[in-house]
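Everything below belongs to input_24.pdb, which stores PDB, C-alpha atoms and all ligand atoms.
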ATOM      1  CA  MET O   1      68.370  72.841  -3.658  1.00  0.00           C
ATOM      2  CA  LYS O   2      68.888  76.336  -5.008  1.00  0.00           C
ATOM      3  CA  CYS O   3      66.049  77.960  -6.959  1.00  0.00           C
ATOM      4  CA  PRO O   4      67.240  78.379 -10.583  1.00  0.00           C
ATOM      5  CA  PHE O   5      65.309  81.644 -10.863  1.00  0.00           C
ATOM      6  CA  CYS O   6      66.177  83.588  -7.715  1.00  0.00           C
ATOM      7  CA  GLY O   7      68.784  81.474  -5.882  1.00  0.00           C
ATOM      8  CA  GLU O   8      66.671  80.911  -2.762  1.00  0.00           C
ATOM      9  CA  LEU O   9      67.548  77.681  -0.917  1.00  0.00           C
ATOM     10  CA  ASP O  10      64.161  76.967   0.670  1.00  0.00           C
ATOM     11  CA  ASN O  11      61.505  75.229  -1.358  1.00  0.00           C
ATOM     12  CA  LYS O  12      58.745  72.718  -0.942  1.00  0.00           C
ATOM     13  CA  VAL O  13      58.198  69.496  -2.862  1.00  0.00           C
ATOM     14  CA  ILE O  14      54.800  69.564  -4.551  1.00  0.00           C
ATOM     15  CA  ASP O  15      55.052  66.315  -6.490  1.00  0.00           C
ATOM     16  CA  SER O  16      57.344  63.252  -6.534  1.00  0.00           C
ATOM     17  CA  ARG O  17      57.270  60.775  -9.328  1.00  0.00           C
ATOM     18  CA  LEU O  18      59.221  57.584  -9.873  1.00  0.00           C
ATOM     19  CA  GLY O  19      60.715  57.248 -13.358  1.00  0.00           C
ATOM     20  CA  LYS O  20      59.490  54.479 -15.641  1.00  0.00           C
ATOM     21  CA  ASP O  21      62.189  51.983 -14.767  1.00  0.00           C
ATOM     22  CA  GLY O  22      62.390  52.965 -11.117  1.00  0.00           C
ATOM     23  CA  ASN O  23      65.906  54.396 -11.366  1.00  0.00           C
ATOM     24  CA  VAL O  24      65.071  58.031 -10.966  1.00  0.00           C
ATOM     25  CA  ILE O  25      62.730  60.180  -8.911  1.00  0.00           C
ATOM     26  CA  ARG O  26      61.533  63.457 -10.349  1.00  0.00           C
ATOM     27  CA  ARG O  27      60.558  66.050  -7.793  1.00  0.00           C
ATOM     28  CA  ARG O  28      58.541  69.103  -8.667  1.00  0.00           C
ATOM     29  CA  ARG O  29      59.519  71.906  -6.294  1.00  0.00           C
ATOM     30  CA  GLU O  30      58.155  75.326  -5.571  1.00  0.00           C
ATOM     31  CA  CYS O  31      60.455  78.109  -4.408  1.00  0.00           C
ATOM     32  CA  LEU O  32      59.299  79.576  -1.111  1.00  0.00           C
ATOM     33  CA  LEU O  33      60.551  83.014  -2.087  1.00  0.00           C
ATOM     34  CA  CYS O  34      59.538  83.593  -5.724  1.00  0.00           C
ATOM     35  CA  THR O  35      56.997  80.683  -5.899  1.00  0.00           C
ATOM     36  CA  ARG O  36      58.303  79.594  -9.276  1.00  0.00           C
ATOM     37  CA  ARG O  37      58.495  75.863  -9.930  1.00  0.00           C
ATOM     38  CA  PHE O  38      61.368  73.670 -11.029  1.00  0.00           C
ATOM     39  CA  THR O  39      62.215  69.971 -11.225  1.00  0.00           C
ATOM     40  CA  THR O  40      65.014  68.011  -9.613  1.00  0.00           C
ATOM     41  CA  TYR O  41      66.097  64.465 -10.405  1.00  0.00           C
ATOM     42  CA  GLU O  42      67.347  62.005  -7.869  1.00  0.00           C
ATOM     43  CA  HIS O  43      69.446  59.037  -8.977  1.00  0.00           C
ATOM     44  CA  VAL O  44      71.082  56.282  -7.007  1.00  0.00           C
ATOM     45  CA  GLU O  45      74.804  56.920  -7.029  1.00  0.00           C
ATOM     46  CA  GLU O  46      76.082  54.546  -9.646  1.00  0.00           C
ATOM     47  CA  ILE O  47      79.396  53.305 -10.863  1.00  0.00           C
ATOM     48  CA  PRO O  48      80.185  55.590 -13.782  1.00  0.00           C
ATOM     49  CA  ILE O  49      80.215  54.263 -17.315  1.00  0.00           C
ATOM     50  CA  MET O  50      83.512  55.099 -18.980  1.00  0.00           C
ATOM     51  CA  ILE O  51      83.631  56.020 -22.652  1.00  0.00           C
ATOM     52  CA  ILE O  52      86.711  55.076 -24.658  1.00  0.00           C
ATOM     53  CA  LYS O  53      87.217  57.893 -27.129  1.00  0.00           C
ATOM     54  CA  LYS O  54      88.660  57.398 -30.584  1.00  0.00           C
ATOM     55  CA  ASP O  55      92.089  58.607 -29.490  1.00  0.00           C
ATOM     56  CA  GLY O  56      92.045  56.201 -26.548  1.00  0.00           C
ATOM     57  CA  ARG O  57      91.300  58.718 -23.824  1.00  0.00           C
ATOM     58  CA  ARG O  58      88.642  57.838 -21.263  1.00  0.00           C
ATOM     59  CA  GLU O  59      85.754  60.060 -20.339  1.00  0.00           C
ATOM     60  CA  VAL O  60      82.861  59.573 -17.924  1.00  0.00           C
ATOM     61  CA  PHE O  61      79.484  59.095 -19.584  1.00  0.00           C
ATOM     62  CA  LEU O  62      77.413  62.115 -18.553  1.00  0.00           C
ATOM     63  CA  ARG O  63      73.677  61.824 -19.041  1.00  0.00           C
ATOM     64  CA  ASP O  64      73.238  65.613 -19.011  1.00  0.00           C
ATOM     65  CA  LYS O  65      75.702  65.998 -21.832  1.00  0.00           C
ATOM     66  CA  VAL O  66      73.841  63.400 -23.859  1.00  0.00           C
ATOM     67  CA  ARG O  67      70.512  65.017 -23.004  1.00  0.00           C
ATOM     68  CA  ARG O  68      71.765  68.374 -24.303  1.00  0.00           C
ATOM     69  CA  GLY O  69      72.883  66.768 -27.553  1.00  0.00           C
ATOM     70  CA  ILE O  70      69.536  65.055 -28.028  1.00  0.00           C
ATOM     71  CA  GLN O  71      67.676  68.257 -27.160  1.00  0.00           C
ATOM     72  CA  LYS O  72      69.663  70.094 -29.801  1.00  0.00           C
ATOM     73  CA  ALA O  73      68.879  67.443 -32.391  1.00  0.00           C
ATOM     74  CA  CYS O  74      65.187  67.569 -31.440  1.00  0.00           C
ATOM     75  CA  GLN O  75      64.910  71.359 -31.521  1.00  0.00           C
ATOM     76  CA  LYS O  76      61.595  72.585 -32.980  1.00  0.00           C
ATOM     77  CA  ARG O  77      60.405  69.028 -33.454  1.00  0.00           C
ATOM     78  CA  ASP O  78      57.230  67.701 -31.909  1.00  0.00           C
ATOM     79  CA  ILE O  79      59.074  65.842 -29.159  1.00  0.00           C
ATOM     80  CA  SER O  80      58.325  66.407 -25.488  1.00  0.00           C
ATOM     81  CA  MET O  81      60.956  66.895 -22.826  1.00  0.00           C
ATOM     82  CA  ASN O  82      59.619  63.759 -21.167  1.00  0.00           C
ATOM     83  CA  ALA O  83      60.290  61.788 -24.328  1.00  0.00           C
ATOM     84  CA  ILE O  84      63.867  63.082 -24.301  1.00  0.00           C
ATOM     85  CA  ASP O  85      64.298  62.174 -20.629  1.00  0.00           C
ATOM     86  CA  ASP O  86      62.978  58.689 -21.347  1.00  0.00           C
ATOM     87  CA  PHE O  87      65.323  58.449 -24.313  1.00  0.00           C
ATOM     88  CA  VAL O  88      68.364  59.220 -22.161  1.00  0.00           C
ATOM     89  CA  GLU O  89      67.214  56.905 -19.346  1.00  0.00           C
ATOM     90  CA  GLU O  90      66.703  54.061 -21.785  1.00  0.00           C
ATOM     91  CA  LEU O  91      70.044  54.689 -23.456  1.00  0.00           C
ATOM     92  CA  GLU O  92      71.837  54.549 -20.142  1.00  0.00           C
ATOM     93  CA  ARG O  93      70.035  51.366 -19.159  1.00  0.00           C
ATOM     94  CA  ASP O  94      71.015  49.792 -22.499  1.00  0.00           C
ATOM     95  CA  LEU O  95      74.643  50.784 -21.903  1.00  0.00           C
ATOM     96  CA  ARG O  96      74.596  49.265 -18.420  1.00  0.00           C
ATOM     97  CA  GLU O  97      73.125  46.086 -19.834  1.00  0.00           C
ATOM     98  CA  ILE O  98      76.202  45.679 -22.013  1.00  0.00           C
ATOM     99  CA  GLY O  99      77.922  44.937 -18.724  1.00  0.00           C
ATOM    100  CA  GLU O 100      81.260  46.529 -19.602  1.00  0.00           C
ATOM    101  CA  LYS O 101      82.899  49.194 -17.463  1.00  0.00           C
ATOM    102  CA  GLU O 102      84.290  50.870 -20.564  1.00  0.00           C
ATOM    103  CA  ILE O 103      82.415  51.301 -23.823  1.00  0.00           C
ATOM    104  CA  PRO O 104      83.910  52.594 -27.097  1.00  0.00           C
ATOM    105  CA  SER O 105      82.377  55.935 -28.077  1.00  0.00           C
ATOM    106  CA  HIS O 106      81.329  54.684 -31.510  1.00  0.00           C
ATOM    107  CA  ASN O 107      79.160  51.993 -29.875  1.00  0.00           C
ATOM    108  CA  ILE O 108      77.349  54.707 -27.957  1.00  0.00           C
ATOM    109  CA  GLY O 109      77.014  56.877 -31.057  1.00  0.00           C
ATOM    110  CA  GLU O 110      75.506  53.992 -32.992  1.00  0.00           C
ATOM    111  CA  LYS O 111      73.069  53.220 -30.206  1.00  0.00           C
ATOM    112  CA  ILE O 112      71.947  56.839 -30.133  1.00  0.00           C
ATOM    113  CA  MET O 113      71.523  56.848 -33.927  1.00  0.00           C
ATOM    114  CA  THR O 114      69.399  53.703 -33.868  1.00  0.00           C
ATOM    115  CA  LYS O 115      67.192  55.055 -31.102  1.00  0.00           C
ATOM    116  CA  LEU O 116      66.896  58.517 -32.684  1.00  0.00           C
ATOM    117  CA  HIS O 117      65.898  56.975 -35.971  1.00  0.00           C
ATOM    118  CA  ALA O 118      62.985  55.305 -34.228  1.00  0.00           C
ATOM    119  CA  LEU O 119      62.061  58.596 -32.541  1.00  0.00           C
ATOM    120  CA  ASP O 120      62.303  61.185 -35.303  1.00  0.00           C
ATOM    121  CA  ASP O 121      63.871  61.256 -38.790  1.00  0.00           C
ATOM    122  CA  VAL O 122      64.836  64.934 -38.709  1.00  0.00           C
ATOM    123  CA  ALA O 123      66.463  64.655 -35.290  1.00  0.00           C
ATOM    124  CA  TYR O 124      68.262  61.617 -36.605  1.00  0.00           C
ATOM    125  CA  VAL O 125      69.760  63.438 -39.593  1.00  0.00           C
ATOM    126  CA  ARG O 126      70.742  66.406 -37.430  1.00  0.00           C
ATOM    127  CA  PHE O 127      72.506  64.175 -34.964  1.00  0.00           C
ATOM    128  CA  ALA O 128      74.130  62.237 -37.789  1.00  0.00           C
ATOM    129  CA  SER O 129      75.531  65.440 -39.296  1.00  0.00           C
ATOM    130  CA  VAL O 130      77.279  66.202 -36.022  1.00  0.00           C
ATOM    131  CA  TYR O 131      78.257  62.631 -35.347  1.00  0.00           C
ATOM    132  CA  ARG O 132      79.902  62.306 -38.749  1.00  0.00           C
ATOM    133  CA  GLU O 133      82.662  64.640 -37.630  1.00  0.00           C
ATOM    134  CA  PHE O 134      83.958  61.796 -35.535  1.00  0.00           C
ATOM    135  CA  LYS O 135      83.825  59.244 -38.307  1.00  0.00           C
ATOM    136  CA  ASP O 136      84.724  59.309 -41.960  1.00  0.00           C
ATOM    137  CA  VAL O 137      82.569  60.585 -44.770  1.00  0.00           C
ATOM    138  CA  ASN O 138      81.655  57.111 -45.978  1.00  0.00           C
ATOM    139  CA  ASP O 139      79.885  56.453 -42.720  1.00  0.00           C
ATOM    140  CA  PHE O 140      77.747  59.529 -43.141  1.00  0.00           C
ATOM    141  CA  VAL O 141      76.904  58.604 -46.728  1.00  0.00           C
ATOM    142  CA  TYR O 142      75.942  55.185 -45.481  1.00  0.00           C
ATOM    143  CA  VAL O 143      73.662  56.753 -42.891  1.00  0.00           C
ATOM    144  CA  LEU O 144      71.956  58.952 -45.494  1.00  0.00           C
ATOM    145  CA  ASN O 145      71.549  56.075 -47.939  1.00  0.00           C
ATOM    146  CA  SER O 146      70.031  53.824 -45.357  1.00  0.00           C
ATOM    147  CA  LEU O 147      67.657  56.603 -44.335  1.00  0.00           C
ATOM    148  CA  LEU O 148      66.594  57.281 -47.940  1.00  0.00           C
ATOM    149  CA  SER O 149      66.103  53.633 -48.769  1.00  0.00           C
ATOM    150  CA  ILE O 150      63.966  53.092 -45.701  1.00  0.00           C
ATOM    151  CA  GLY O 151      61.565  55.919 -46.523  1.00  0.00           C
ATOM    152  CA  GLY O 152      58.752  56.567 -44.087  1.00  0.00           C
ATOM    153  CA  GLY O 153      57.714  53.387 -42.345  1.00  0.00           C
ATOM    154  CA  GLY O 154      60.830  51.353 -41.815  1.00  0.00           C
ATOM    155  CA  LYS O 155      61.548  50.899 -38.171  1.00  0.00           C
ATOM    156  CA  GLY O 156      63.220  48.008 -36.491  1.00  0.00           C
ATOM    157  CA  ARG O 157      66.100  47.633 -38.880  1.00  0.00           C
ATOM    158  CA  ASN O 158      69.493  46.676 -37.568  1.00  0.00           C
ATOM    159  CA  GLY O 159      71.704  49.399 -36.161  1.00  0.00           C
ATOM    160  CA  THR O 160      74.377  51.133 -38.169  1.00  0.00           C
ATOM    161  CA  THR O 161      76.888  48.332 -37.880  1.00  0.00           C
ATOM    162  CA  ARG O 162      80.235  48.991 -39.489  1.00  0.00           C
TER     163      ARG O 162
HETATM  164 ZN    ZN O 201      62.955  81.403  -6.374  1.00  0.00          ZN
END
Render the structure in this file as structure tokens.
Amino acid sequence: MKCPFCGELDNKVIDSRLGKDGNVIRRRRECLLCTRRFTTYEHVEEIPIMIIKKDGRREVFLRDKVRRGIQKACQKRDISMNAIDDFVEELERDLREIGEKEIPSHNIGEKIMTKLHALDDVAYVRFASVYREFKDVNDFVYVLNSLLSIGGGGKGRNGTTR
């Protein structure tokens, strides 16, 4: 595995940790050349989840793409990278539990919204403002209204069903 800092191929593993649900191993590595540390993730090779986009095209569900989106939504919030990793792991597990090979993109978007709402209100609104581009304005108004009416403490409501 190439060092992200200097490109060296040789490194040593200094820590291995099994993810919460046992589906992923995180390895902390130290570059033998520059001695900087980085993390790699090992997953069992799985059957990809296919997303059905609004226009009918299919796309592979990519956890890194989702992670980047969540990271963006969580920017400058008090949310650890571990919490984001757990978020993405849990999301993927939920999607696999649906048991379908292909999942409509709006189902995934709604799942993310529900989970983000439980995690952080600001991240939720940020994600919603991006997500709305794929839906109509009424949906976004609905999201805002439901957020405002819930106020501070309301978790465990139903998802944003249409
Ligand atoms: Zn290095």
Go through the chains and note each residue within 12 Å of ligand ZN 201 (chain O), using only C-alpha atoms and all ligand atoms, then give the set as a PDB file with C-alpha atoms, in the coordinates of the input.
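Saved as out39.pdb:
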ATOM      1  CA  MET O   1      68.370  72.841  -3.658  1.00  0.00           C
ATOM      2  CA  LYS O   2      68.888  76.336  -5.008  1.00  0.00           C
ATOM      3  CA  CYS O   3      66.049  77.960  -6.959  1.00  0.00           C
ATOM      4  CA  PRO O   4      67.240  78.379 -10.583  1.00  0.00           C
ATOM      5  CA  PHE O   5      65.309  81.644 -10.863  1.00  0.00           C
ATOM      6  CA  CYS O   6      66.177  83.588  -7.715  1.00  0.00           C
ATOM      7  CA  GLY O   7      68.784  81.474  -5.882  1.00  0.00           C
ATOM      8  CA  GLU O   8      66.671  80.911  -2.762  1.00  0.00           C
ATOM      9  CA  LEU O   9      67.548  77.681  -0.917  1.00  0.00           C
ATOM     10  CA  ASP O  10      64.161  76.967   0.670  1.00  0.00           C
ATOM     11  CA  ASN O  11      61.505  75.229  -1.358  1.00  0.00           C
ATOM     12  CA  LYS O  12      58.745  72.718  -0.942  1.00  0.00           C
ATOM     13  CA  ARG O  29      59.519  71.906  -6.294  1.00  0.00           C
ATOM     14  CA  GLU O  30      58.155  75.326  -5.571  1.00  0.00           C
ATOM     15  CA  CYS O  31      60.455  78.109  -4.408  1.00  0.00           C
ATOM     16  CA  LEU O  32      59.299  79.576  -1.111  1.00  0.00           C
ATOM     17  CA  LEU O  33      60.551  83.014  -2.087  1.00  0.00           C
ATOM     18  CA  CYS O  34      59.538  83.593  -5.724  1.00  0.00           C
ATOM     19  CA  THR O  35      56.997  80.683  -5.899  1.00  0.00           C
ATOM     20  CA  ARG O  36      58.303  79.594  -9.276  1.00  0.00           C
ATOM     21  CA  ARG O  37      58.495  75.863  -9.930  1.00  0.00           C
ATOM     22  CA  PHE O  38      61.368  73.670 -11.029  1.00  0.00           C
TER      23      PHE O  38
END
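Within the 8 Å cut-off around O:Val66, using only C-alpha atoms and omitting residues fewer than 4 positions from it on the same chain, the listed residues are Leu62, Ile70 and Val88 of chain O.
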Given the PyMOL selection byres (((chain O and resi 84) around 12) and not hetatm) and the file above, list the residues it selects as an mmCIF file with C-alpha atoms, keeping the file's coordinate frame.
data_model
loop_
_atom_site.group_PDB
_atom_site.id
_atom_site.type_symbol
_atom_site.label_atom_id
_atom_site.label_comp_id
_atom_site.auth_asym_id
_atom_site.auth_seq_id
_atom_site.Cartn_x
_atom_site.Cartn_y
_atom_site.Cartn_z
ATOM 1 C CA ARG O 63 73.677 61.824 -19.041
ATOM 2 C CA ASP O 64 73.238 65.613 -19.011
ATOM 3 C CA VAL O 66 73.841 63.400 -23.859
ATOM 4 C CA ARG O 67 70.512 65.017 -23.004
ATOM 5 C CA ARG O 68 71.765 68.374 -24.303
ATOM 6 C CA GLY O 69 72.883 66.768 -27.553
ATOM 7 C CA ILE O 70 69.536 65.055 -28.028
ATOM 8 C CA GLN O 71 67.676 68.257 -27.160
ATOM 9 C CA LYS O 72 69.663 70.094 -29.801
ATOM 10 C CA ALA O 73 68.879 67.443 -32.391
ATOM 11 C CA CYS O 74 65.187 67.569 -31.440
ATOM 12 C CA GLN O 75 64.910 71.359 -31.521
ATOM 13 C CA ARG O 77 60.405 69.028 -33.454
ATOM 14 C CA ASP O 78 57.230 67.701 -31.909
ATOM 15 C CA ILE O 79 59.074 65.842 -29.159
ATOM 16 C CA SER O 80 58.325 66.407 -25.488
ATOM 17 C CA MET O 81 60.956 66.895 -22.826
ATOM 18 C CA ASN O 82 59.619 63.759 -21.167
ATOM 19 C CA ALA O 83 60.290 61.788 -24.328
ATOM 20 C CA ASP O 85 64.298 62.174 -20.629
ATOM 21 C CA ASP O 86 62.978 58.689 -21.347
ATOM 22 C CA PHE O 87 65.323 58.449 -24.313
ATOM 23 C CA VAL O 88 68.364 59.220 -22.161
ATOM 24 C CA GLU O 89 67.214 56.905 -19.346
ATOM 25 C CA GLU O 90 66.703 54.061 -21.785
ATOM 26 C CA LEU O 91 70.044 54.689 -23.456
ATOM 27 C CA ILE O 112 71.947 56.839 -30.133
ATOM 28 C CA LYS O 115 67.192 55.055 -31.102
ATOM 29 C CA LEU O 116 66.896 58.517 -32.684
ATOM 30 C CA LEU O 119 62.061 58.596 -32.541
ATOM 31 C CA ASP O 120 62.303 61.185 -35.303
ATOM 32 C CA ALA O 123 66.463 64.655 -35.290
#
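Distances from O:Lys76, O:Asp94, O:Ser105, O:Val60 to O:Arg126 were compared using only C-alpha atoms, and the smallest one belongs to O:Lys76.
Between atom CA of O:Asn23 and atom CA of O:Thr39 there is a distance of 16.0 Å.
Closest approach to O:Val130 among O:Glu100, O:Met113, O:Lys20, O:Lys65: O:Met113, based on all atoms listed in the file.
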Picked residues, the PyMOL selection byres (((chain O and resi 41-47) around 9) and not hetatm), as a ChimeraX atom specification: /O:23-27,39-40,48-49,101
